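Shown next, in structure tokens, is the structure this report addresses.
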Amino acid sequence: VPVRRVAPLSGRVYGRRWLVLLLFSLLGFAQGLVWNSWGPIQNSARLAFGFSSWDIALLVFWGPIGFAPCFFFMWLMDKKGLRVTVLLTSSLMVLGAGLRCVPVSDLEIRKKLIHGGQLLNGLAGPTVMNAAPFLSTTWFSPDERATATAIASLLSYLGAAGAFLVGPLVVPSPNGTSHLPLASQSNTEHIKDRIEAVLYAEFGMVSLIFSAALAYFPSRPPFPPSVAAASQRLSYRRSFCRLLSNFRFLMIALAYAIPLGVFSGWSGVLDLILTPVHVSQVDAGWIGFWSIVGGCVVGIAMARFADFIRGMLKFILLLLLSGATLASTWFTLTCLTSVTHLPLTTATLYTSCILLGIFLNSSVPIFFELFVETVYPVPEGITCGVVTFLSNVFMGVLLFFLTFYHTEFSWFNWCLPGSCLLSLLLILCFRESYDRLYLDVVVSV
């Protein structure tokens with residue numbers, strides 16, 4: 001394999017790799033937090049800004065729309081490295097968060113600015129979702145790669161979980177379900193002031209992360225940490241030809257894209273889905289919060305397990321997707337109380353949603369590592385860019401239908417177990433291989 005630069009075959013790791021990982025993870029956290037700002041407080045946003053159900057769905061929809069220039073960001077990462085890509089991404093986030101804070105009295109203009117800000121934040125999605133395996137390969141040794149990928153990729157989900165917590169607890173609910181002492185003052189102006197306080201706080205956080213990345217975020221270490229990190233990768237054009245002609249990759253890409261795309265769209269409008277079954281805004285926020293937090297914790301633990309016991313990625317995915325299929329079926333049947341007569345309680349909703357989030361969210365870094373191993377030496381950013389773009393296509397299609405069919409959600413709930421079952425079948429038929437790991441182990445020895 002051609003080598004770009006001379007380095008010890010065993011590789012060299014630097015302590016600064018954890019600082020780079022922290023900055024990138026915080027960027028992903030902020031992007032997820034801003035993207036999911038409106039879904040958990042949709043009832044309050046309707047009252048304060050005059051949003052309709054179509055507006056709420058569109059605010060979430062800007063996330064997958066932001067993946068339209070995904071291939072440009074993949075090219076930029078492959079040609080210019082992480083620093084340029086991260087700075088461009090964080091600057092878009094700062095501009096988007098700032099647009100949402102512009103104090104305009106005209107509600108129609110304010111709504112357009114908010115939509116524009118959400119779109120700019122959505123344009124940051126390709127980097128925070130795709131660059132995790134590229135960062136882990138560039139900075140981390142083979143026995144730390146899966147863990148680094150899990151941390152970098154799952155922190156954006158944790159940001160979305162933070163929105164489930166921050167929004168409903170800070171912003172009073174118009175239906176009187178807030179636990180705050182000021183809930184009795186939940187008039188329009190007070191709710192609007194609270195929402196604007198959240199928007200200003202998010203703008204400050206994004207600006208701080210951008211300043212830190214501008215001050216220090218190198219593209220790569222002086223010497224690569226492994227043989228795979230030092231090896232020459234395929235060109236941009238040849239990488240796409242390799243991916244599109246690889247049937248095994250297309251199979252595993254669909255296994256990732258379909259359930260994760262459906263779940264992302266579903267969780268983004270969770271409050272909208274649970275309102276018809278008389279679940280309060282605060283309870284819906286806590287359900288969404290714990291489902292994503294559980295997925296992040298279990299995902300990092302699974303990735304650490306995969307680092308210790310290599311060659312088990314397919315087995316781990318089979319376990320996770322089996323659990324996701326059962327949990328999503330339980331949730332869907334519970335919501336059909338008039339048909340199934342299953343008990344619809346806060347405890348059952350909490351349990352089924354949290355289990356679903358744990359199983360699906362924790363599968364993300366395992367999928368990413370399996371993608372890279374399957375199609376090596378295709379660059380990591382291009383590989384993950386293709387699959388996350390495909391995932392957002394499914395998410396976008398689902399939310400597109402939601403903008404027209406938002407009065408009844410049983411069809412939306414049934415998409416969850418169907419997508420999980422299809423993914424499970426694809427994983428069962430998939431033949432795994434570990435080309436990158438083989439190179440690191442054999443050449444290093």
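Each chain in the structure tokens gets a letter, A, B, ..., in the order shown, and its residues are numbered from 1; ligands are numbered from 1 in order too.
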
Spatial neighbours of segment 294-305 of chain A, max dist 6 Å, only C-alpha atoms, sep filter under 6 positions, as a PyMOL selection string = chain A and resi 146-147+150+154+357-358+361-362

inquiry  = At a cut-off of 9 Å, using only C-alpha atoms, what residues contact Gly63 of chain A? Leave out same-chain residues fewer than 3 positions from it and give the result as a PyMOL selection string.
reply    = chain A and resi 35+59-60+66-67+118-119+121-125+392+396

Please write the residues from the selection above to a file, keeping all heavy atoms, as a compact mmCIF listing (two decimals), in the first residue's frame.
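Writing the result to result29.txt gives the following:
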```txt
# COMPACT_ATOMS: atom_id res chain seq x y z
N TRP A 35 -30.76 22.12 16.14
CA TRP A 35 -31.70 21.48 15.22
C TRP A 35 -33.00 21.08 15.91
O TRP A 35 -34.09 21.24 15.37
CB TRP A 35 -31.05 20.24 14.60
CG TRP A 35 -32.02 19.38 13.85
CD1 TRP A 35 -32.60 19.65 12.65
CD2 TRP A 35 -32.56 18.12 14.28
NE1 TRP A 35 -33.47 18.63 12.29
CE2 TRP A 35 -33.47 17.68 13.27
CE3 TRP A 35 -32.37 17.32 15.41
CZ2 TRP A 35 -34.16 16.49 13.37
CZ3 TRP A 35 -33.07 16.13 15.50
CH2 TRP A 35 -33.95 15.72 14.48
N LEU A 59 -39.47 23.09 10.31
CA LEU A 59 -38.30 23.42 11.11
C LEU A 59 -37.42 22.19 11.36
O LEU A 59 -36.20 22.28 11.40
CB LEU A 59 -38.73 24.05 12.44
CG LEU A 59 -39.28 25.48 12.36
CD1 LEU A 59 -39.91 25.88 13.68
CD2 LEU A 59 -38.18 26.45 11.97
N VAL A 60 -38.05 21.04 11.54
CA VAL A 60 -37.29 19.80 11.66
C VAL A 60 -36.78 19.35 10.30
O VAL A 60 -35.68 18.82 10.17
CB VAL A 60 -38.18 18.70 12.29
CG1 VAL A 60 -37.41 17.40 12.45
CG2 VAL A 60 -38.70 19.16 13.65
N GLY A 66 -30.59 20.24 4.74
CA GLY A 66 -29.21 20.71 4.84
C GLY A 66 -28.19 19.72 4.33
O GLY A 66 -27.02 20.08 4.12
N PHE A 67 -28.58 18.47 4.11
CA PHE A 67 -27.66 17.48 3.57
C PHE A 67 -27.58 17.51 2.05
O PHE A 67 -26.87 16.70 1.46
CB PHE A 67 -28.08 16.07 4.03
CG PHE A 67 -27.47 15.66 5.33
CD1 PHE A 67 -27.92 16.20 6.52
CD2 PHE A 67 -26.43 14.75 5.37
CE1 PHE A 67 -27.37 15.83 7.73
CE2 PHE A 67 -25.87 14.37 6.57
CZ PHE A 67 -26.33 14.92 7.76
N GLN A 118 -32.46 27.86 10.85
CA GLN A 118 -32.51 26.39 10.93
C GLN A 118 -31.87 25.75 9.69
O GLN A 118 -31.22 24.71 9.79
CB GLN A 118 -33.95 25.93 11.08
CG GLN A 118 -34.60 26.27 12.41
CD GLN A 118 -33.92 25.60 13.58
OE1 GLN A 118 -33.39 26.26 14.47
NE2 GLN A 118 -33.94 24.28 13.62
N LEU A 119 -32.05 26.37 8.53
CA LEU A 119 -31.45 25.84 7.31
C LEU A 119 -29.93 25.91 7.39
O LEU A 119 -29.24 24.95 7.05
CB LEU A 119 -31.96 26.61 6.10
CG LEU A 119 -31.27 26.28 4.76
CD1 LEU A 119 -31.44 24.81 4.41
CD2 LEU A 119 -31.81 27.16 3.65
N ASN A 121 -28.09 25.97 10.04
CA ASN A 121 -27.65 24.95 11.00
C ASN A 121 -27.72 23.56 10.39
O ASN A 121 -26.87 22.71 10.65
CB ASN A 121 -28.52 25.01 12.26
CG ASN A 121 -28.07 24.04 13.32
OD1 ASN A 121 -27.07 24.25 14.01
ND2 ASN A 121 -28.81 22.94 13.47
N GLY A 122 -28.74 23.32 9.54
CA GLY A 122 -28.83 22.03 8.86
C GLY A 122 -27.67 21.78 7.92
O GLY A 122 -27.24 20.63 7.73
N LEU A 123 -27.10 22.86 7.34
CA LEU A 123 -25.96 22.71 6.45
C LEU A 123 -24.71 22.22 7.19
O LEU A 123 -23.77 21.74 6.56
CB LEU A 123 -25.65 24.04 5.75
CG LEU A 123 -26.70 24.54 4.76
CD1 LEU A 123 -26.34 25.94 4.26
CD2 LEU A 123 -26.82 23.58 3.58
N ALA A 124 -24.70 22.35 8.52
CA ALA A 124 -23.59 21.84 9.31
C ALA A 124 -23.72 20.34 9.57
O ALA A 124 -22.75 19.71 10.02
CB ALA A 124 -23.51 22.58 10.65
N GLY A 125 -24.89 19.78 9.28
CA GLY A 125 -25.12 18.37 9.55
C GLY A 125 -24.16 17.41 8.86
O GLY A 125 -23.68 16.46 9.49
N ASN A 392 -30.73 10.73 5.46
CA ASN A 392 -31.51 11.96 5.48
C ASN A 392 -32.51 12.03 4.34
O ASN A 392 -33.51 12.74 4.43
CB ASN A 392 -30.57 13.16 5.45
CG ASN A 392 -30.04 13.51 6.82
OD1 ASN A 392 -30.62 14.29 7.55
ND2 ASN A 392 -28.92 12.89 7.18
N GLY A 396 -36.16 12.84 5.12
CA GLY A 396 -36.83 13.91 4.40
C GLY A 396 -38.13 13.47 3.75
O GLY A 396 -39.13 14.19 3.79
```

**Asked** Can you tell me, as a ChimeraX atom specification, what residues are no more than 8 Å from Pro224 of chain A when counting only C-alpha atoms, ignoring any on the same chain fewer than 2 positions away?
**Response** /A:7,11-13,138-139,220-222,226-227,229-230

Closest atom pairs, segment 155-248 of chain A residues within 9 Å of segment 90-97 of chain A, only C-alpha atoms, as a tab-separated table:
```
residue	atom	partner	partner_atom	distance
A:Leu199	CA	A:Ala97	CA	7.3
A:Tyr200	CA	A:Ala97	CA	8.1
A:Glu202	CA	A:Ala97	CA	7.0
A:Phe203	CA	A:Ala97	CA	5.0
A:Gly204	CA	A:Val94	CA	8.7
A:Val206	CA	A:Val94	CA	5.8
A:Ser207	CA	A:Val94	CA	5.7
A:Ile209	CA	A:Ser90	CA	7.7
A:Phe210	CA	A:Ser90	CA	5.5
A:Ala213	CA	A:Ser90	CA	8.2
```

For the selection just defined, write its residues with N, CA and C atoms to a file, as a compact mmCIF listing (two decimals), in the first residue's frame.
```txt
# COMPACT_ATOMS: atom_id res chain seq x y z
N LEU A 199 -32.77 30.91 22.68
CA LEU A 199 -32.10 31.18 21.41
C LEU A 199 -30.81 31.94 21.62
N TYR A 200 -30.81 32.94 22.52
CA TYR A 200 -29.59 33.71 22.80
C TYR A 200 -28.53 32.82 23.44
N GLU A 202 -28.15 29.57 23.09
CA GLU A 202 -27.59 28.68 22.07
C GLU A 202 -26.65 29.42 21.14
N PHE A 203 -26.97 30.67 20.81
CA PHE A 203 -26.08 31.48 19.97
C PHE A 203 -24.74 31.71 20.67
N GLY A 204 -24.77 32.01 21.96
CA GLY A 204 -23.53 32.20 22.71
C GLY A 204 -22.68 30.95 22.76
N VAL A 206 -22.66 28.39 20.57
CA VAL A 206 -22.11 28.12 19.24
C VAL A 206 -20.95 29.06 18.93
N SER A 207 -21.07 30.33 19.31
CA SER A 207 -20.01 31.30 19.07
C SER A 207 -18.75 30.93 19.84
N ILE A 209 -17.79 27.89 20.79
CA ILE A 209 -17.17 26.71 20.16
C ILE A 209 -16.43 27.10 18.89
N PHE A 210 -17.02 28.00 18.11
CA PHE A 210 -16.36 28.48 16.89
C PHE A 210 -15.04 29.18 17.23
N ALA A 213 -12.44 26.53 18.12
CA ALA A 213 -11.95 25.82 16.93
C ALA A 213 -11.05 26.71 16.08
```

| request: Name the residues of segment 168-414 of chain A that come out as alpha helix (DSSP H) in a backbone DSSP run; write them as a PyMOL selection string. | output: chain A and resi 168-170+188-215+227-230+236-244+247-268+270-274+281-308+313-335+337-340+346-361+363-375+380-402+410-414

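Note that the spacing between atom CA of Pro69 of chain A and atom CA of Leu120 of chain A amounts to 11.6 Å.
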
Show me, as a PyMOL selection string, the residues that have an atom within 12 Å of Leu360 of chain A when counting only C-alpha atoms, minus same-chain residues fewer than 6 positions from it.
chain A and resi 154+157+255-264+267+291-296+298-299+316-328+353-354+366-367+416-417+419-420+423-424

Using only C-alpha atoms: which of A:Ala45, A:Leu22, A:Leu355, A:Leu165 has the shortest distance to Ala132 of chain A =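 Once distances to Ala132 of chain A are computed over only C-alpha atoms, the minimum belongs to A:Leu22.
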